[in-house]
Amino acid sequence: MDTKRNQTLEEIEENKIVNEHYQNRVMLIKKLLKTSRLATVDLCVHIDISEASYYRYINFTSYMKADIFIHACLFLKQYIESHHIPYTQEEKRLIKILDLFQISSNSNLNCN
């Protein structure tokens with residue numbers, strides 16, 4: 001018979017941080033996708049996942065692996081920047097929080 005042990009305060013705090021980080025990841029992808037004006041299927045085809053998987057990720061019923069997340073963000077970043085679409089302040093904030101991209105001189109992320 002399996003019994004669950006109580007989590008320590010440190011484990012509870014760590015889980016809160018991990019959950020917040022994951023929520024920020026999902027929020028960033030949703031916002032970048034909206035800003036890019038691409039369809040969900042465009043992103044899914046490019047990063048080679050099904051739409052069902054995408055919706056499981058954004059509805060928090062399945063966890064997105066880091067490599068899929070990074071691939072999605074890089075694809076959306078490249079698309080947004082190549083089409084000269086400005087980032088929203090919220091996207092800039094999330095990118096900074098997640099420490100996702102190194103700021104390059106040709107990126108439109110350089111604003112505060």
# chains A, B, ... in the order shown; residues from 1 in each chain; ligands from 1

$ residues_around --residues "segment 57-71 of chain A" --least-positions-apart "4" --cutoff "10 Å" --atoms "only C-alpha atoms" --output "JSON, numbers by chain"
{"A": [19, 22, 23, 25, 26, 27, 28, 29, 30, 43, 46, 47, 48, 49, 51, 52, 53, 75, 76, 77, 100, 101]}
